[in-house]
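Take a look at the structure below.
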Amino acid sequence: MKTEIATSSFLRVLTGHRQWVSVKAACDRLKNAGFDAVLAGGCVRDGLLGVQPSDFDVATDATPDQVEGLFEKSISIGKTFGVIAIPIENGEVIEIATFRKDGTYADGRHPMKIEFADRAEDAKRRDFTVNALFYDPSSNEIFDEVEGLKDLEAKCLRVVGEPEKRFAEDKLRLLRAVRFAGQLNFQIEPSTAAAVQSL
């Protein structure tokens, strides 16, 4: 595992977001209850690129039941997959997801079952390395389990794990590969690109 300290420009992007106060309060509540609480995925990627994210996702080792116990007005939007929504101002929500490991995918889109896991396992189930970064707002650390920071710096879009297997699990990832490459102006890593073309 690689740990990096977040830069001041990254922090300016995040703390200037309309949801920042609410998302920081949610992370603090989880932390104060003894749980891990990190920002996950696209919001971390975008912040590191100097782009304000559209919203925030929080990942934690608290189970959905524990999250519901900590947040009185929680909404069970995807409890089967470990996701609970917390209403905030202006009718928006923050999604809090329990770290998980996905089981077998049967329909080319959704895992048949999940297992709650730790942060490292959660990173390994994500689609692309640049989307598998975590940021802890309490310690100001970025956690990188799959060399996502290296790929972000190189403007490289690479799947986590074996490309053909990862795309076969969830076929939407094929479209996400093209979309992210275009939106971020990244080159798709050769083995990832070959899998996109063949599939």
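Starting from 1 in every chain, residues are counted up; chains themselves are A, B, ... following the order of the structure tokens, and ligands are numbered from 1 as listed.
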
With stretch 38-41 of chain A as the partner and 7 Å as the cut-off, tabulate the residues of stretch 75-190 of chain A that qualify, each row holding the nearest pair of atoms and their distance in Å to one decimal, using only C-alpha atoms, sorted by chain and rising number, as a tab-separated table.
```
residue	atom	partner	partner_atom	distance
A:Asn131	CA	A:Gly41	CA	4.4
A:Ala132	CA	A:Gly41	CA	5.4
A:Leu133	CA	A:Gly41	CA	5.7
A:Phe134	CA	A:Ala40	CA	4.7
A:Tyr135	CA	A:Leu39	CA	5.0
A:Asp136	CA	A:Val38	CA	4.6
A:Pro137	CA	A:Val38	CA	6.9
```

Serialized selection, all heavy atoms, as a PDB file, in the first residue's frame:
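Below is the file that was written, again.pdb:
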```
ATOM      1  N   ASN A 131      -9.685   5.268 -10.388  1.00  0.00           N
ATOM      2  CA  ASN A 131     -10.940   5.346  -9.642  1.00  0.00           C
ATOM      3  C   ASN A 131     -10.881   4.546  -8.348  1.00  0.00           C
ATOM      4  O   ASN A 131     -11.906   4.374  -7.684  1.00  0.00           O
ATOM      5  CB  ASN A 131     -12.104   4.826 -10.496  1.00  0.00           C
ATOM      6  CG  ASN A 131     -12.418   5.717 -11.668  1.00  0.00           C
ATOM      7  OD1 ASN A 131     -12.028   6.879 -11.689  1.00  0.00           O
ATOM      8  ND2 ASN A 131     -13.113   5.180 -12.652  1.00  0.00           N
ATOM      9  N   ALA A 132      -9.709   4.044  -8.006  1.00  0.00           N
ATOM     10  CA  ALA A 132      -9.563   3.183  -6.829  1.00  0.00           C
ATOM     11  C   ALA A 132      -8.734   3.864  -5.731  1.00  0.00           C
ATOM     12  O   ALA A 132      -8.123   3.197  -4.910  1.00  0.00           O
ATOM     13  CB  ALA A 132      -8.922   1.856  -7.231  1.00  0.00           C
ATOM     14  N   LEU A 133      -8.721   5.188  -5.749  1.00  0.00           N
ATOM     15  CA  LEU A 133      -7.977   5.954  -4.746  1.00  0.00           C
ATOM     16  C   LEU A 133      -8.900   6.350  -3.601  1.00  0.00           C
ATOM     17  O   LEU A 133     -10.088   6.594  -3.813  1.00  0.00           O
ATOM     18  CB  LEU A 133      -7.389   7.216  -5.389  1.00  0.00           C
ATOM     19  CG  LEU A 133      -6.400   6.984  -6.530  1.00  0.00           C
ATOM     20  CD1 LEU A 133      -6.143   8.289  -7.277  1.00  0.00           C
ATOM     21  CD2 LEU A 133      -5.095   6.403  -5.992  1.00  0.00           C
ATOM     22  N   PHE A 134      -8.337   6.419  -2.401  1.00  0.00           N
ATOM     23  CA  PHE A 134      -9.102   6.825  -1.222  1.00  0.00           C
ATOM     24  C   PHE A 134      -8.397   7.998  -0.538  1.00  0.00           C
ATOM     25  O   PHE A 134      -7.166   8.047  -0.500  1.00  0.00           O
ATOM     26  CB  PHE A 134      -9.203   5.673  -0.218  1.00  0.00           C
ATOM     27  CG  PHE A 134      -9.864   4.442  -0.762  1.00  0.00           C
ATOM     28  CD1 PHE A 134      -9.121   3.312  -1.061  1.00  0.00           C
ATOM     29  CD2 PHE A 134     -11.233   4.404  -0.966  1.00  0.00           C
ATOM     30  CE1 PHE A 134      -9.729   2.165  -1.552  1.00  0.00           C
ATOM     31  CE2 PHE A 134     -11.850   3.268  -1.468  1.00  0.00           C
ATOM     32  CZ  PHE A 134     -11.093   2.143  -1.761  1.00  0.00           C
ATOM     33  N   TYR A 135      -9.196   8.900   0.013  1.00  0.00           N
ATOM     34  CA  TYR A 135      -8.649  10.047   0.738  1.00  0.00           C
ATOM     35  C   TYR A 135      -9.269  10.126   2.124  1.00  0.00           C
ATOM     36  O   TYR A 135     -10.496  10.118   2.261  1.00  0.00           O
ATOM     37  CB  TYR A 135      -8.910  11.350  -0.018  1.00  0.00           C
ATOM     38  CG  TYR A 135      -8.613  12.588   0.790  1.00  0.00           C
ATOM     39  CD1 TYR A 135      -7.302  12.866   1.202  1.00  0.00           C
ATOM     40  CD2 TYR A 135      -9.619  13.467   1.161  1.00  0.00           C
ATOM     41  CE1 TYR A 135      -7.026  13.990   1.960  1.00  0.00           C
ATOM     42  CE2 TYR A 135      -9.338  14.604   1.915  1.00  0.00           C
ATOM     43  CZ  TYR A 135      -8.043  14.856   2.316  1.00  0.00           C
ATOM     44  OH  TYR A 135      -7.765  15.971   3.075  1.00  0.00           O
ATOM     45  N   ASP A 136      -8.422  10.182   3.129  1.00  0.00           N
ATOM     46  CA  ASP A 136      -8.876  10.309   4.515  1.00  0.00           C
ATOM     47  C   ASP A 136      -8.808  11.780   4.915  1.00  0.00           C
ATOM     48  O   ASP A 136      -7.720  12.327   5.092  1.00  0.00           O
ATOM     49  CB  ASP A 136      -7.986   9.472   5.438  1.00  0.00           C
ATOM     50  CG  ASP A 136      -8.472   9.458   6.881  1.00  0.00           C
ATOM     51  OD1 ASP A 136      -9.191  10.406   7.276  1.00  0.00           O
ATOM     52  OD2 ASP A 136      -8.144   8.515   7.612  1.00  0.00           O
ATOM     53  N   PRO A 137      -9.958  12.463   5.054  1.00  0.00           N
ATOM     54  CA  PRO A 137      -9.923  13.890   5.398  1.00  0.00           C
ATOM     55  C   PRO A 137      -9.450  14.168   6.814  1.00  0.00           C
ATOM     56  O   PRO A 137      -9.054  15.289   7.120  1.00  0.00           O
ATOM     57  CB  PRO A 137     -11.385  14.341   5.208  1.00  0.00           C
ATOM     58  CG  PRO A 137     -12.194  13.113   5.271  1.00  0.00           C
ATOM     59  CD  PRO A 137     -11.322  11.987   4.809  1.00  0.00           C
TER      60      PRO A 137
END
```

message: Please list as a ChimeraX atom specification every residue within 9 Å of A:Glu169, counting only C-alpha atoms and excluding residues in the same chain fewer than 2 positions away.
response: /A:104-111,164-167,171,173

Residue selection dump (C-alpha atoms) as a CSV table (one decimal), in the first residue's frame:
```
chain,number,residue,atom,x,y,z
A,104,THR,CA,-19.4,-13.8,-9.1
A,105,TYR,CA,-21.2,-11.7,-11.8
A,106,ALA,CA,-24.0,-13.6,-13.5
A,107,ASP,CA,-25.7,-11.0,-15.6
A,108,GLY,CA,-22.7,-9.1,-16.9
A,109,ARG,CA,-23.6,-6.1,-14.7
A,110,HIS,CA,-24.2,-7.0,-11.0
A,111,PRO,CA,-22.4,-9.3,-8.6
A,164,GLU,CA,-11.0,-9.1,-20.1
A,165,LYS,CA,-12.2,-10.5,-16.8
A,166,ARG,CA,-12.9,-7.1,-15.4
A,167,PHE,CA,-15.0,-6.1,-18.5
A,171,LYS,CA,-20.0,-4.8,-19.5
A,173,ARG,CA,-17.1,-0.8,-17.9
```

If you take only C-alpha atoms and a cut-off of 8 Å, which residues of stretch 47-68 of chain A touch stretch 85-101 of chain A, and what are their nearest atom pairs and distances in Å to one decimal, in chain and number order, as a tab-separated table?
```
residue	atom	partner	partner_atom	distance
A:Asp55	CA	A:Ile94	CA	7.8
A:Phe56	CA	A:Ile94	CA	6.4
A:Asp57	CA	A:Glu95	CA	5.3
A:Val58	CA	A:Ile96	CA	4.7
A:Ala59	CA	A:Ala97	CA	4.8
A:Thr60	CA	A:Thr98	CA	5.0
A:Asp61	CA	A:Thr98	CA	5.5
A:Ala62	CA	A:Thr98	CA	6.0
A:Thr63	CA	A:Thr98	CA	5.8
A:Pro64	CA	A:Thr98	CA	6.6
A:Val67	CA	A:Ile96	CA	7.9
```

- request: Extract, using only C-alpha atoms, all DNA, RNA and protein residues at most 12 Å from A:Gln66, discarding same-chain residues fewer than 6 positions from it, and format them as a ChimeraX atom specification.
  value: /A:29-30,33-35,60,72,74,79,82-84,96-98

Print the selection's residues with all heavy atoms to a file, as a tab-separated table (two decimals), in the first residue's frame.
```tsv
chain	number	residue	atom	x	y	z
A	29	ARG	N	-18.22	11.84	11.90
A	29	ARG	CA	-19.12	11.05	12.75
A	29	ARG	C	-18.74	9.58	12.72
A	29	ARG	O	-18.74	8.89	13.75
A	29	ARG	CB	-20.57	11.24	12.29
A	29	ARG	CG	-21.57	10.48	13.17
A	29	ARG	CD	-23.01	10.77	12.80
A	29	ARG	NE	-23.36	12.15	13.07
A	29	ARG	CZ	-24.61	12.63	13.01
A	29	ARG	NH1	-25.61	11.80	12.69
A	29	ARG	NH2	-24.86	13.88	13.26
A	30	LEU	N	-18.41	9.06	11.54
A	30	LEU	CA	-17.98	7.67	11.43
A	30	LEU	C	-16.67	7.45	12.19
A	30	LEU	O	-16.52	6.46	12.92
A	30	LEU	CB	-17.81	7.29	9.96
A	30	LEU	CG	-19.10	7.10	9.17
A	30	LEU	CD1	-18.85	7.20	7.67
A	30	LEU	CD2	-19.74	5.74	9.50
A	33	ALA	N	-17.00	7.33	15.89
A	33	ALA	CA	-17.63	6.09	16.35
A	33	ALA	C	-16.68	4.90	16.24
A	33	ALA	O	-17.07	3.76	16.51
A	33	ALA	CB	-18.90	5.84	15.54
A	34	GLY	N	-15.44	5.16	15.79
A	34	GLY	CA	-14.43	4.10	15.73
A	34	GLY	C	-14.29	3.41	14.39
A	34	GLY	O	-13.62	2.38	14.28
A	35	PHE	N	-14.89	3.98	13.35
A	35	PHE	CA	-14.83	3.36	12.03
A	35	PHE	C	-13.86	4.11	11.11
A	35	PHE	O	-13.56	5.28	11.32
A	35	PHE	CB	-16.22	3.36	11.39
A	35	PHE	CG	-17.23	2.57	12.15
A	35	PHE	CD1	-18.28	3.22	12.81
A	35	PHE	CD2	-17.15	1.19	12.24
A	35	PHE	CE1	-19.22	2.51	13.54
A	35	PHE	CE2	-18.09	0.46	12.96
A	35	PHE	CZ	-19.12	1.13	13.61
A	60	THR	N	-16.45	3.11	3.97
A	60	THR	CA	-16.22	2.86	5.39
A	60	THR	C	-16.20	1.37	5.70
A	60	THR	O	-16.70	0.56	4.89
A	60	THR	CB	-17.34	3.53	6.23
A	60	THR	OG1	-17.09	3.32	7.62
A	60	THR	CG2	-18.72	2.98	5.88
A	72	GLU	N	-29.57	9.35	11.63
A	72	GLU	CA	-30.99	9.17	11.90
A	72	GLU	C	-31.85	9.17	10.64
A	72	GLU	O	-32.81	8.42	10.52
A	72	GLU	CB	-31.46	10.29	12.84
A	72	GLU	CG	-32.89	10.17	13.30
A	72	GLU	CD	-33.28	11.28	14.25
A	72	GLU	OE1	-32.40	11.80	14.96
A	72	GLU	OE2	-34.47	11.62	14.26
A	74	SER	N	-31.14	8.32	7.50
A	74	SER	CA	-30.52	7.59	6.40
A	74	SER	C	-31.58	6.96	5.50
A	74	SER	O	-32.71	6.70	5.92
A	74	SER	CB	-29.58	6.51	6.96
A	74	SER	OG	-30.31	5.60	7.76
A	79	LYS	N	-28.85	-1.19	0.09
A	79	LYS	CA	-28.33	-1.88	1.27
A	79	LYS	C	-27.77	-3.26	0.94
A	79	LYS	O	-26.80	-3.71	1.55
A	79	LYS	CB	-29.43	-1.98	2.33
A	79	LYS	CG	-28.94	-2.37	3.69
A	79	LYS	CD	-30.04	-2.22	4.73
A	79	LYS	CE	-29.55	-2.58	6.12
A	79	LYS	NZ	-30.62	-2.42	7.13
A	82	GLY	N	-24.44	-2.72	0.22
A	82	GLY	CA	-23.72	-1.99	1.25
A	82	GLY	C	-23.79	-0.48	1.15
A	82	GLY	O	-22.95	0.21	1.73
A	83	VAL	N	-24.79	0.06	0.42
A	83	VAL	CA	-24.86	1.50	0.20
A	83	VAL	C	-26.04	2.13	0.93
A	83	VAL	O	-27.19	1.69	0.77
A	83	VAL	CB	-24.96	1.83	-1.31
A	83	VAL	CG1	-24.98	3.34	-1.53
A	83	VAL	CG2	-23.81	1.19	-2.08
A	84	ILE	N	-25.75	3.16	1.72
A	84	ILE	CA	-26.76	3.93	2.44
A	84	ILE	C	-26.59	5.39	2.06
A	84	ILE	O	-25.46	5.89	1.97
A	84	ILE	CB	-26.60	3.77	3.97
A	84	ILE	CG1	-26.68	2.30	4.39
A	84	ILE	CG2	-27.62	4.62	4.71
A	84	ILE	CD1	-28.04	1.66	4.19
A	96	ILE	N	-22.88	6.54	1.37
A	96	ILE	CA	-21.88	5.91	2.22
A	96	ILE	C	-21.92	4.41	1.94
A	96	ILE	O	-22.96	3.76	2.12
A	96	ILE	CB	-22.15	6.18	3.72
A	96	ILE	CG1	-22.13	7.70	3.98
A	96	ILE	CG2	-21.12	5.46	4.59
A	96	ILE	CD1	-22.39	8.07	5.44
A	97	ALA	N	-20.81	3.87	1.46
A	97	ALA	CA	-20.74	2.46	1.07
A	97	ALA	C	-19.76	1.71	1.95
A	97	ALA	O	-18.66	2.19	2.23
A	97	ALA	CB	-20.32	2.34	-0.39
A	98	THR	N	-20.17	0.53	2.38
A	98	THR	CA	-19.28	-0.34	3.15
A	98	THR	C	-18.25	-0.97	2.22
A	98	THR	O	-18.59	-1.41	1.11
A	98	THR	CB	-20.10	-1.44	3.85
A	98	THR	OG1	-21.11	-0.82	4.66
A	98	THR	CG2	-19.21	-2.31	4.72
```

Would you give me, as CSV, each residue of stretch 44-143 of chain A having an atom within 10 Å of an atom of stretch 180-188 of chain A, along with its shortest atom pair and that distance in Å to one decimal, using only C-alpha atoms and sorting by chain and residue number?
```
residue,atom,partner,partner_atom,distance
A:Asp46,CA,A:Leu184,CA,9.2
A:Leu49,CA,A:Leu184,CA,9.0
A:Phe128,CA,A:Phe180,CA,9.7
```

With all heavy atoms retained, could you export that selection as an mmCIF file, in the first residue's frame?
```cif
data_model
loop_
_atom_site.group_PDB
_atom_site.id
_atom_site.type_symbol
_atom_site.label_atom_id
_atom_site.label_comp_id
_atom_site.auth_asym_id
_atom_site.auth_seq_id
_atom_site.Cartn_x
_atom_site.Cartn_y
_atom_site.Cartn_z
ATOM 1 N N ASP A 46 -10.823 13.333 -9.439
ATOM 2 C CA ASP A 46 -11.062 14.670 -9.973
ATOM 3 C C ASP A 46 -10.334 15.736 -9.167
ATOM 4 O O ASP A 46 -9.742 16.663 -9.728
ATOM 5 C CB ASP A 46 -12.562 14.968 -10.008
ATOM 6 C CG ASP A 46 -13.283 14.182 -11.089
ATOM 7 O OD1 ASP A 46 -12.612 13.563 -11.937
ATOM 8 O OD2 ASP A 46 -14.529 14.174 -11.079
ATOM 9 N N LEU A 49 -6.829 16.001 -10.053
ATOM 10 C CA LEU A 49 -6.655 16.606 -11.376
ATOM 11 C C LEU A 49 -6.988 18.094 -11.366
ATOM 12 O O LEU A 49 -6.894 18.765 -12.391
ATOM 13 C CB LEU A 49 -7.547 15.888 -12.400
ATOM 14 C CG LEU A 49 -7.147 14.446 -12.750
ATOM 15 C CD1 LEU A 49 -8.215 13.796 -13.620
ATOM 16 C CD2 LEU A 49 -5.789 14.406 -13.444
ATOM 17 N N PHE A 128 -11.177 1.024 -12.652
ATOM 18 C CA PHE A 128 -9.899 1.539 -13.144
ATOM 19 C C PHE A 128 -9.039 2.015 -11.980
ATOM 20 O O PHE A 128 -9.554 2.465 -10.951
ATOM 21 C CB PHE A 128 -10.135 2.688 -14.133
ATOM 22 C CG PHE A 128 -11.016 2.292 -15.279
ATOM 23 C CD1 PHE A 128 -12.352 2.666 -15.316
ATOM 24 C CD2 PHE A 128 -10.519 1.510 -16.311
ATOM 25 C CE1 PHE A 128 -13.176 2.275 -16.358
ATOM 26 C CE2 PHE A 128 -11.333 1.107 -17.367
ATOM 27 C CZ PHE A 128 -12.660 1.489 -17.383
#
```

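The coordinates place atom CA of A:Val13 at 8.3 Å from atom CA of A:Pro53.
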
- prompt: Mind checking DSSP for stretch 33-168 of chain A and telling me the alpha helix (DSSP H) residues as an NGL selection string?
  reply: :A and (42-48 or 64-70 or 119-124 or 148-154 or 163-168)

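For stretch 7-114 of chain A, a DSSP pass over the backbone yields strand (DSSP E) at Ala37, Val38, Leu39, Ala40, Asp57, Val58, Ala59, Thr60, Ile75, Ser76, Ile77, Gly78, Val83, Ile84, Ala85, Ile86, Pro87, Val93, Ile94, Glu95, Ile96, Ala97, Thr98, Arg100, Lys101, Asp102 and Ile114 of chain A.
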
message: For a test of reading the model, state the distance in Å between atom CA of A:Gln52 and atom CA of A:Gly16, rounded to one decimal.
response: 8.2 Å

task: Between atom CA of A:Leu199 and atom CA of A:Arg126, measure the distance and give it in Å to one decimal.
output: 18.9 Å

statement: Using only C-alpha atoms, the residue out of A:Gly47, A:Ser191, A:Glu121, A:Thr80 with shortest distance to A:Glu162 is A:Ser191
